[in-house]
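Engineer: Structure below; questions to follow.
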Amino acid sequence: MTRCVVVGAGAREHALAWALADSAEVVVTPGNAGIAAHGLAVSDRPAAELDADLVVIGPEAPLVAGLADELRAAGVAVCGPGADGARLEGSKAHLKEFLAAAGVPSADYATVDTPEAAEARLRAARPPYVVKTDGLAAGKGVLVTDSFEEAIADAREKLSGRAFGEAGRRLVIEEGLVGEECSVHVLCDGERFATLAVAQDYKRLGEGDRGPNTGGMGAYAPVGRLDAATVAGIEDAVVAPTLAELRRRGVDYRGVLYAGMMLTVDGPKLIEYNVRFGDPEAEVLAPLYREGLADLLGSVAAGRLGPVPRPAGAAVTVVLAAAGYPEGPRSGDPIEGLGDDGQLAEPLEGVVLFHAGTTRDPSGRFVTAGGRVLAVTGTGGDLATARARAYEGAARIDFDGCQRRPDVARGAA
Ligand code: AMP
Ligand code: GLY
C-alpha cells in the first residue's frame with residue numbers, strides 16, 4: 001500500500017488525509033487534535049523522516065519555502081510545486097509580471113511602496129478599489145472596497161508594516177473586477193493538466209457576501225452553472241498559457257494549481273493563483289475525488305497524469321469560525337456536539353467533519369483553538385442533498401460566539 005504523508009495542520013489537510021486513507025496508508029505532519037481523534041496517524045517529525053512514497057504538501061508556506069525541492073532532492077515523490085513554481089502565490093508582484101508575460105487576462109495593476117504612490121494610483125482608479133499586500137498574508141492581505149477613504153487608510157496601514165510586517169511593505173493596487181468568482185483547481189504533472197470540478201468559495205465573513213474577507217467560510221462543488229464551454233474557455237485562456245510560460249521558464253510544476261477566477265462581462269479573468277488546494281475547497285473536492293485519490297496525486301508527482309473522470313455527486317462545506325474571527329479569534333471555547341472521535345456525537349449519513357482550529361483541553365474535551373474551527377462537509381447525489389446534510393450537521397455543533405454563514409450554496413442547489 002502506498003504510504004502518503006500529508007503536510008499541514010488544518011481542515012484541508014484533514015480532508016486530504018481522510019480521502020487518501022481510503023486507498024493508502026496516511027500520516028499527517030503535524031496534523032491536529034481532530035485529525036488524530038479521527039483515527040488518522042499524526043506525527044511531529046518532518047516529512048523527510050516519515051518514509052513516504054508520496055508527500056502531499058497542503059499549505060503554501062512550506063511550498064514557497066522550498067519543501068518540495070528538498071524532498072525531491074532526497075528522492076521522494078511530491079505533489080506540490082518547488083519554490084520556483086510556488087512564487088506564483090508567494091509574490092503578487094511576481095504573479096502580475098508572470099501573467100503579463102504569459103498573456104493571461106487579469107486585472108490591471110501597479111506595484112507601490114510609498115503612501116504617496118498608493119494614493120496617486122488610487123486617485124486614478126475607479127471603485128471597487130483593491131489593495132493587496134505583496135507577500136503571503138494567509139488570505140487576509142486583500143481589501144476590496146468602494147470607499148476611496150477606506151482604501152487609502154488601508155494602504156497606509158499596510159505600508160506601515162504594522163499589520164503584515166515585511167509582507168505588507170510593498171503593495172499591489174489593482175483594477176477592481178466585477179463578476180462571479182469561482183475556484184478552478186487544475187492538477188499539473190509538469191506536462192499535462194486535468195481540471196477538477198469547479199468549486200465556489202465564500203470569502204466574506206457574512207451572509208450575502210458582506211463583511212471582511214476571510215480564509216473562506218464555505219464552499220461547494222460542482223458549480224453547475226458553469227458549462228463545459230466556460231471551463232474550456234478558462235483552460236484555453238488561462239491554464240494552458242500559464243503552463244506554457246512555466247515550461248518556458250524551466251519550471252517543472254507538479255502539483256495543484258488553483259486559479260481564482262472572476263467571470264467578467266469581458267470574459268474570464270484571473271484574480272490570483274494558489275499553488276495548492278484551496279481551503280475550504282479541499283473539503284469539498286477531497287470527498288468527491290476520494291476513490292483513488294492516492295493514485296491520482298501520485299500520478300501528478302510522477303509526471304504520468306492520465307484523464308480524470310468527472311466525479312459523481314456533489315459536496316457542500318460550512319465553516320464554523322470562532323468568536324472574533326477574522327480580526328482576533330478567541331480560543332478556548334468548549335465545542336458541543338462532538339464525540340470522542342471528533343465527529344458528530346450522533347452521526348449523520350453523508351456528513352464528515354474536518355478540524356481546523358481545535359484542540360483538547362486537559363479533560364479531553366474539544367475546544368476552539370483558531371479562527372476557522374471546523375468544516376462540516378455534506379455529500380450527496382446532488383447539491384440539494386449535500387447542502388441539507390451539511391447544514392443539518394452544522395446545526396448539531398455549537399460553541400460560544402460561533403460564526404457561520406447560512407447561505408453557502410443557497411440558490412445553487
Ligand atoms: P486574493 O487573496 O488575491 O485571492 O483576494 C481575495 C479576494 O479578494 C478574492 O477572492 C476576491 O474576492 C477579492 N479580489 C481580489 N482581487 C480582486 C480584484 N482585482 N477585483 C475584485 N475583487 C478582487
Ligand atoms: N479558499 C481560498 C484559499 O484557499 O486561498
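Residue numbering restarts at 1 for every chain of the C-alpha cells, chains are lettered A, B, ... in their displayed order, and ligands are numbered from 1 as they appear.
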Tell me which protein, DNA and RNA residues are within 8 Å of region 217-228 of chain A, counting only C-alpha atoms, leaving out same-chain ones fewer than 4 positions away, and put them as a ChimeraX atom specification.
Structural biologist: /A:197-205,232,280-281,283-285,314-321,375,383,404-405,408-409,412
Engineer: Mind checking which residues fall within 8 Å of Leu122 (chain A), counting only C-alpha atoms, ignoring those fewer than 2 positions away in the same chain, and posting them as a count of residues only?
Structural biologist: 11
Engineer: Pick out the residues sitting within 8 Å of Ala356 (chain A), and hand them over as a PyMOL selection string; count only C-alpha atoms, and ignore anything fewer than 6 positions along from it in its own chain.
Structural biologist: chain A and resi 9-12+14+32+34+370+372-375
Engineer: What lies within 9 Å of Pro268 (chain A) using only C-alpha atoms, ignoring chain neighbours under 3 positions off, as a JSON list (two decimals) with all heavy atoms, in the first residue's frame?
Structural biologist:
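This is the output file selection_14.json:
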[["chain", "number", "residue", "atom", "x", "y", "z"],
["A", 105, "PRO", "N", -5.33, 36.86, -19.11],
["A", 105, "PRO", "CA", -6.13, 38.04, -18.74],
["A", 105, "PRO", "C", -6.30, 38.16, -17.22],
["A", 105, "PRO", "O", -6.68, 37.20, -16.56],
["A", 105, "PRO", "CB", -7.48, 37.78, -19.41],
["A", 105, "PRO", "CG", -7.51, 36.33, -19.75],
["A", 105, "PRO", "CD", -6.09, 35.86, -19.87],
["A", 106, "SER", "N", -5.99, 39.34, -16.69],
["A", 106, "SER", "CA", -6.18, 39.59, -15.26],
["A", 106, "SER", "C", -6.32, 41.10, -15.06],
["A", 106, "SER", "O", -6.24, 41.87, -16.02],
["A", 106, "SER", "CB", -5.02, 39.03, -14.45],
["A", 106, "SER", "OG", -3.87, 39.83, -14.61],
["A", 230, "THR", "N", -17.53, 27.09, -20.86],
["A", 230, "THR", "CA", -16.89, 28.09, -20.00],
["A", 230, "THR", "C", -15.59, 27.54, -19.41],
["A", 230, "THR", "O", -14.56, 28.22, -19.38],
["A", 230, "THR", "CB", -17.85, 28.52, -18.87],
["A", 230, "THR", "OG1", -19.08, 28.92, -19.45],
["A", 230, "THR", "CG2", -17.27, 29.64, -18.04],
["A", 233, "GLY", "N", -13.01, 27.42, -21.98],
["A", 233, "GLY", "CA", -12.52, 28.78, -22.23],
["A", 233, "GLY", "C", -11.47, 29.18, -21.21],
["A", 233, "GLY", "O", -10.46, 29.82, -21.54],
["A", 234, "ILE", "N", -11.67, 28.81, -19.95],
["A", 234, "ILE", "CA", -10.70, 29.11, -18.89],
["A", 234, "ILE", "C", -9.41, 28.31, -19.14],
["A", 234, "ILE", "O", -8.30, 28.83, -18.99],
["A", 234, "ILE", "CB", -11.30, 28.80, -17.50],
["A", 234, "ILE", "CG1", -12.47, 29.77, -17.20],
["A", 234, "ILE", "CG2", -10.23, 28.88, -16.41],
["A", 234, "ILE", "CD1", -13.28, 29.41, -15.97],
["A", 237, "ALA", "N", -7.65, 30.10, -22.16],
["A", 237, "ALA", "CA", -7.17, 31.48, -21.98],
["A", 237, "ALA", "C", -6.23, 31.61, -20.79],
["A", 237, "ALA", "O", -5.42, 32.54, -20.75],
["A", 237, "ALA", "CB", -8.37, 32.42, -21.81],
["A", 238, "VAL", "N", -6.35, 30.72, -19.83],
["A", 238, "VAL", "CA", -5.64, 30.92, -18.56],
["A", 238, "VAL", "C", -4.66, 29.76, -18.25],
["A", 238, "VAL", "O", -3.47, 29.99, -18.05],
["A", 238, "VAL", "CB", -6.66, 31.08, -17.41],
["A", 238, "VAL", "CG1", -5.98, 31.18, -16.06],
["A", 238, "VAL", "CG2", -7.53, 32.32, -17.66],
["A", 261, "MET", "N", -10.81, 32.63, -10.24],
["A", 261, "MET", "CA", -11.29, 33.28, -11.47],
["A", 261, "MET", "C", -12.43, 34.24, -11.17],
["A", 261, "MET", "O", -13.24, 34.01, -10.29],
["A", 261, "MET", "CB", -11.83, 32.22, -12.45],
["A", 261, "MET", "CG", -10.82, 31.20, -12.93],
["A", 261, "MET", "SD", -9.42, 31.91, -13.83],
["A", 261, "MET", "CE", -10.26, 32.94, -15.03],
["A", 262, "MET", "N", -12.47, 35.32, -11.95],
["A", 262, "MET", "CA", -13.65, 36.20, -11.96],
["A", 262, "MET", "C", -14.24, 36.13, -13.36],
["A", 262, "MET", "O", -13.54, 36.37, -14.35],
["A", 262, "MET", "CB", -13.24, 37.64, -11.63],
["A", 262, "MET", "CG", -14.41, 38.58, -11.46],
["A", 262, "MET", "SD", -15.23, 38.38, -9.85],
["A", 262, "MET", "CE", -14.28, 39.51, -8.84],
["A", 263, "LEU", "N", -15.51, 35.77, -13.42],
["A", 263, "LEU", "CA", -16.18, 35.70, -14.72],
["A", 263, "LEU", "C", -16.77, 37.08, -15.00],
["A", 263, "LEU", "O", -17.84, 37.43, -14.51],
["A", 263, "LEU", "CB", -17.26, 34.62, -14.70],
["A", 263, "LEU", "CG", -16.73, 33.24, -14.25],
["A", 263, "LEU", "CD1", -17.86, 32.22, -14.17],
["A", 263, "LEU", "CD2", -15.63, 32.75, -15.19],
["A", 264, "THR", "N", -16.04, 37.88, -15.75],
["A", 264, "THR", "CA", -16.47, 39.27, -16.01],
["A", 264, "THR", "C", -17.22, 39.34, -17.33],
["A", 264, "THR", "O", -17.21, 38.38, -18.11],
["A", 264, "THR", "CB", -15.25, 40.22, -16.08],
["A", 264, "THR", "OG1", -14.61, 40.05, -17.36],
["A", 264, "THR", "CG2", -14.25, 39.94, -14.98],
["A", 265, "VAL", "N", -17.81, 40.49, -17.60],
["A", 265, "VAL", "CA", -18.52, 40.65, -18.88],
["A", 265, "VAL", "C", -17.53, 40.59, -20.05],
["A", 265, "VAL", "O", -17.92, 40.30, -21.18],
["A", 265, "VAL", "CB", -19.33, 41.97, -18.96],
["A", 265, "VAL", "CG1", -20.54, 41.89, -18.05],
["A", 265, "VAL", "CG2", -18.47, 43.17, -18.63]]
Engineer: At a cut-off of 8 Å and counting only C-alpha atoms and all ligand atoms, what residues surround ligand 1? Please answer as a ChimeraX atom specification.
Structural biologist: /A:92,106-108,128-130,132,139-144,174-178,181,203-204,213,260,262,271-273
Engineer: Go through region 191-238 of chain A and collect every residue that DSSP, computed from the backbone, puts in strand (DSSP E or B); the answer should be as a VMD selection string.
Structural biologist: chain A and resid 193 to 195 199 to 201 204 to 206 210 to 213 218 to 221
Engineer: Those selected residues, please, written with N, CA, C and O atoms and delivered as a PDB file, in the first residue's frame.
Structural biologist:
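Dumped everything to selection_15.pdb:
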ATOM      1  N   PHE A 193      -2.234  18.646 -17.915  1.00  0.00           N
ATOM      2  CA  PHE A 193      -3.069  19.099 -16.798  1.00  0.00           C
ATOM      3  C   PHE A 193      -4.448  18.487 -16.900  1.00  0.00           C
ATOM      4  O   PHE A 193      -4.876  18.045 -17.977  1.00  0.00           O
ATOM      5  N   ALA A 194      -5.136  18.439 -15.769  1.00  0.00           N
ATOM      6  CA  ALA A 194      -6.522  17.969 -15.718  1.00  0.00           C
ATOM      7  C   ALA A 194      -7.282  18.870 -14.759  1.00  0.00           C
ATOM      8  O   ALA A 194      -6.818  19.141 -13.651  1.00  0.00           O
ATOM      9  N   THR A 195      -8.424  19.352 -15.219  1.00  0.00           N
ATOM     10  CA  THR A 195      -9.215  20.288 -14.418  1.00  0.00           C
ATOM     11  C   THR A 195     -10.208  19.518 -13.554  1.00  0.00           C
ATOM     12  O   THR A 195     -10.934  18.657 -14.049  1.00  0.00           O
ATOM     13  N   ALA A 199     -15.270  24.716  -8.152  1.00  0.00           N
ATOM     14  CA  ALA A 199     -15.831  24.953  -6.818  1.00  0.00           C
ATOM     15  C   ALA A 199     -16.113  26.436  -6.639  1.00  0.00           C
ATOM     16  O   ALA A 199     -15.584  27.274  -7.370  1.00  0.00           O
ATOM     17  N   GLN A 200     -16.944  26.738  -5.681  1.00  0.00           N
ATOM     18  CA  GLN A 200     -17.152  28.130  -5.295  1.00  0.00           C
ATOM     19  C   GLN A 200     -16.859  28.266  -3.819  1.00  0.00           C
ATOM     20  O   GLN A 200     -17.229  27.425  -3.004  1.00  0.00           O
ATOM     21  N   ASP A 201     -16.158  29.352  -3.505  1.00  0.00           N
ATOM     22  CA  ASP A 201     -15.734  29.634  -2.137  1.00  0.00           C
ATOM     23  C   ASP A 201     -16.508  30.845  -1.655  1.00  0.00           C
ATOM     24  O   ASP A 201     -16.879  31.698  -2.459  1.00  0.00           O
ATOM     25  N   ARG A 204     -16.227  36.147   2.066  1.00  0.00           N
ATOM     26  CA  ARG A 204     -16.598  37.161   3.056  1.00  0.00           C
ATOM     27  C   ARG A 204     -17.188  36.490   4.288  1.00  0.00           C
ATOM     28  O   ARG A 204     -17.793  35.433   4.202  1.00  0.00           O
ATOM     29  N   LEU A 205     -17.050  37.195   5.406  1.00  0.00           N
ATOM     30  CA  LEU A 205     -17.498  36.627   6.676  1.00  0.00           C
ATOM     31  C   LEU A 205     -19.015  36.464   6.742  1.00  0.00           C
ATOM     32  O   LEU A 205     -19.529  35.499   7.311  1.00  0.00           O
ATOM     33  N   GLY A 206     -19.737  37.428   6.179  1.00  0.00           N
ATOM     34  CA  GLY A 206     -21.167  37.478   6.454  1.00  0.00           C
ATOM     35  C   GLY A 206     -22.063  37.062   5.305  1.00  0.00           C
ATOM     36  O   GLY A 206     -21.659  37.032   4.137  1.00  0.00           O
ATOM     37  N   ARG A 210     -21.170  39.986   2.695  1.00  0.00           N
ATOM     38  CA  ARG A 210     -20.843  41.214   3.426  1.00  0.00           C
ATOM     39  C   ARG A 210     -19.770  40.926   4.468  1.00  0.00           C
ATOM     40  O   ARG A 210     -19.543  39.782   4.845  1.00  0.00           O
ATOM     41  N   GLY A 211     -19.147  42.014   4.929  1.00  0.00           N
ATOM     42  CA  GLY A 211     -18.144  41.877   5.984  1.00  0.00           C
ATOM     43  C   GLY A 211     -16.761  41.648   5.408  1.00  0.00           C
ATOM     44  O   GLY A 211     -16.567  41.657   4.197  1.00  0.00           O
ATOM     45  N   PRO A 212     -15.794  41.441   6.301  1.00  0.00           N
ATOM     46  CA  PRO A 212     -14.396  41.349   5.866  1.00  0.00           C
ATOM     47  C   PRO A 212     -14.105  40.062   5.101  1.00  0.00           C
ATOM     48  O   PRO A 212     -14.828  39.073   5.231  1.00  0.00           O
ATOM     49  N   ASN A 213     -13.020  40.101   4.331  1.00  0.00           N
ATOM     50  CA  ASN A 213     -12.529  38.880   3.696  1.00  0.00           C
ATOM     51  C   ASN A 213     -11.979  37.943   4.755  1.00  0.00           C
ATOM     52  O   ASN A 213     -11.399  38.370   5.747  1.00  0.00           O
ATOM     53  N   GLY A 218     -16.957  28.780   3.504  1.00  0.00           N
ATOM     54  CA  GLY A 218     -17.738  27.657   2.998  1.00  0.00           C
ATOM     55  C   GLY A 218     -17.435  27.457   1.532  1.00  0.00           C
ATOM     56  O   GLY A 218     -16.770  28.305   0.911  1.00  0.00           O
ATOM     57  N   ALA A 219     -17.866  26.348   0.994  1.00  0.00           N
ATOM     58  CA  ALA A 219     -17.615  26.059  -0.418  1.00  0.00           C
ATOM     59  C   ALA A 219     -18.577  24.982  -0.886  1.00  0.00           C
ATOM     60  O   ALA A 219     -19.148  24.255  -0.072  1.00  0.00           O
ATOM     61  N   TYR A 220     -18.732  24.935  -2.206  1.00  0.00           N
ATOM     62  CA  TYR A 220     -19.446  23.796  -2.762  1.00  0.00           C
ATOM     63  C   TYR A 220     -18.879  23.461  -4.136  1.00  0.00           C
ATOM     64  O   TYR A 220     -18.187  24.266  -4.767  1.00  0.00           O
ATOM     65  N   ALA A 221     -19.141  22.260  -4.567  1.00  0.00           N
ATOM     66  CA  ALA A 221     -18.761  21.797  -5.908  1.00  0.00           C
ATOM     67  C   ALA A 221     -19.661  20.625  -6.275  1.00  0.00           C
ATOM     68  O   ALA A 221     -20.095  19.899  -5.390  1.00  0.00           O
TER      69      ALA A 221
END
Engineer: Which one is closest to ligand 2: A:Pro311, A:Gly39, A:Gly216, A:Gly85? Count only C-alpha atoms and all ligand atoms.
Structural biologist: A:Gly216
Engineer: Quick one: residues within 8 Å of Gly292 (chain A), only C-alpha atoms counted, chain neighbours fewer than 4 positions away excluded, as a PyMOL selection string?
Structural biologist: chain A and resi 20+22-23+296
Engineer: Which residue is closest to ligand 2? Choose from A:Gly215, A:Gly8, A:Gly90, A:Gly208 and count only C-alpha atoms and all ligand atoms.
Structural biologist: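 Looking only at the distances to ligand 2, the closest residue turns out to be A:Gly215.
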Engineer: Which residues are close to Ala301 (chain A), i.e. within 7 Å by only C-alpha atoms, leaving aside same-chain residues fewer than 2 positions away? Reply as a compact mmCIF listing (two decimals) with N, CA and C atoms, in the first residue's frame.
Structural biologist:
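Wrote it out as part.txt, contents follow:
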# COMPACT_ATOMS: atom_id res chain seq x y z
N ALA A 77 8.72 11.29 -3.96
CA ALA A 77 7.70 11.82 -4.88
C ALA A 77 6.84 12.83 -4.13
N VAL A 78 6.61 13.98 -4.75
CA VAL A 78 5.89 15.06 -4.07
C VAL A 78 4.78 15.61 -4.95
N CYS A 79 3.60 15.79 -4.36
CA CYS A 79 2.54 16.54 -5.01
C CYS A 79 2.60 17.94 -4.45
N ASP A 189 1.16 17.82 -14.01
CA ASP A 189 2.26 16.87 -13.78
C ASP A 189 3.55 17.33 -14.45
N ARG A 254 4.65 20.33 -10.63
CA ARG A 254 3.90 19.10 -10.33
C ARG A 254 3.12 19.31 -9.05
N GLY A 255 1.86 19.54 -9.21
CA GLY A 255 1.03 19.78 -8.03
C GLY A 255 -0.30 20.36 -8.45
N LEU A 297 -2.98 11.69 -7.09
CA LEU A 297 -1.94 12.63 -6.68
C LEU A 297 -0.55 12.03 -6.91
N GLY A 298 -0.47 10.70 -6.82
CA GLY A 298 0.78 10.02 -7.14
C GLY A 298 1.15 10.20 -8.60
N SER A 299 0.16 10.19 -9.47
CA SER A 299 0.43 10.36 -10.91
C SER A 299 0.86 11.80 -11.22
N GLY A 303 4.62 12.54 -12.83
CA GLY A 303 4.63 13.04 -14.20
C GLY A 303 3.92 12.10 -15.16
Engineer: Could you check the closest approach to ligand 2 for each of A:Asp51, A:Glu89, A:Asp333, A:Glu235 and tell me which residue wins, using only C-alpha atoms and all ligand atoms?
Structural biologist: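 Going through A:Asp51, A:Glu89, A:Asp333, A:Glu235 one by one, the smallest distance to ligand 2 is for A:Glu89.
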Engineer: I'd like the interatomic distance between CA of Asp113 (chain A) and CA of Glu60 (chain A), to a tenth of an Å.
Structural biologist: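 If I compute the distance from CA of Asp113 (chain A) to CA of Glu60 (chain A), I get 24.1 Å.
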Engineer: State, in Å with one decimal place, the distance from CA of Tyr289 (chain A) to CA of Leu187 (chain A).
Structural biologist: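 Value for the CA of Tyr289 (chain A)-CA of Leu187 (chain A) distance: 12.3 Å.
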Engineer: May I ask for the distance between CA of Ile397 (chain A) and CA of Gly58 (chain A), given in Å to one decimal place?
Structural biologist: 26.0 Å
Engineer: Any idea what's packed within 10 Å of Thr114 (chain A), counting only C-alpha atoms, ignoring anything in its chain fewer than 4 positions away? Could you give it as a list in words?
Structural biologist: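 The residues that qualify are Ala118, Glu119, Ala155, Arg156, Leu159, Ser160, Arg169, Arg170 and Leu171 of chain A.
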Engineer: Which residue out of A:Asp236, A:Asp279, A:Glu157, A:Glu97 has the minimum interatomic distance to ligand 2 when only C-alpha atoms and all ligand atoms are used?
Structural biologist: A:Asp279
Engineer: Find, counting only C-alpha atoms and all ligand atoms, the residue in A:Asn274, A:Glu327, A:Leu54, A:Gly103 that gets nearest to ligand 2.
Structural biologist: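 Selected residue with least distance to ligand 2: A:Asn274.
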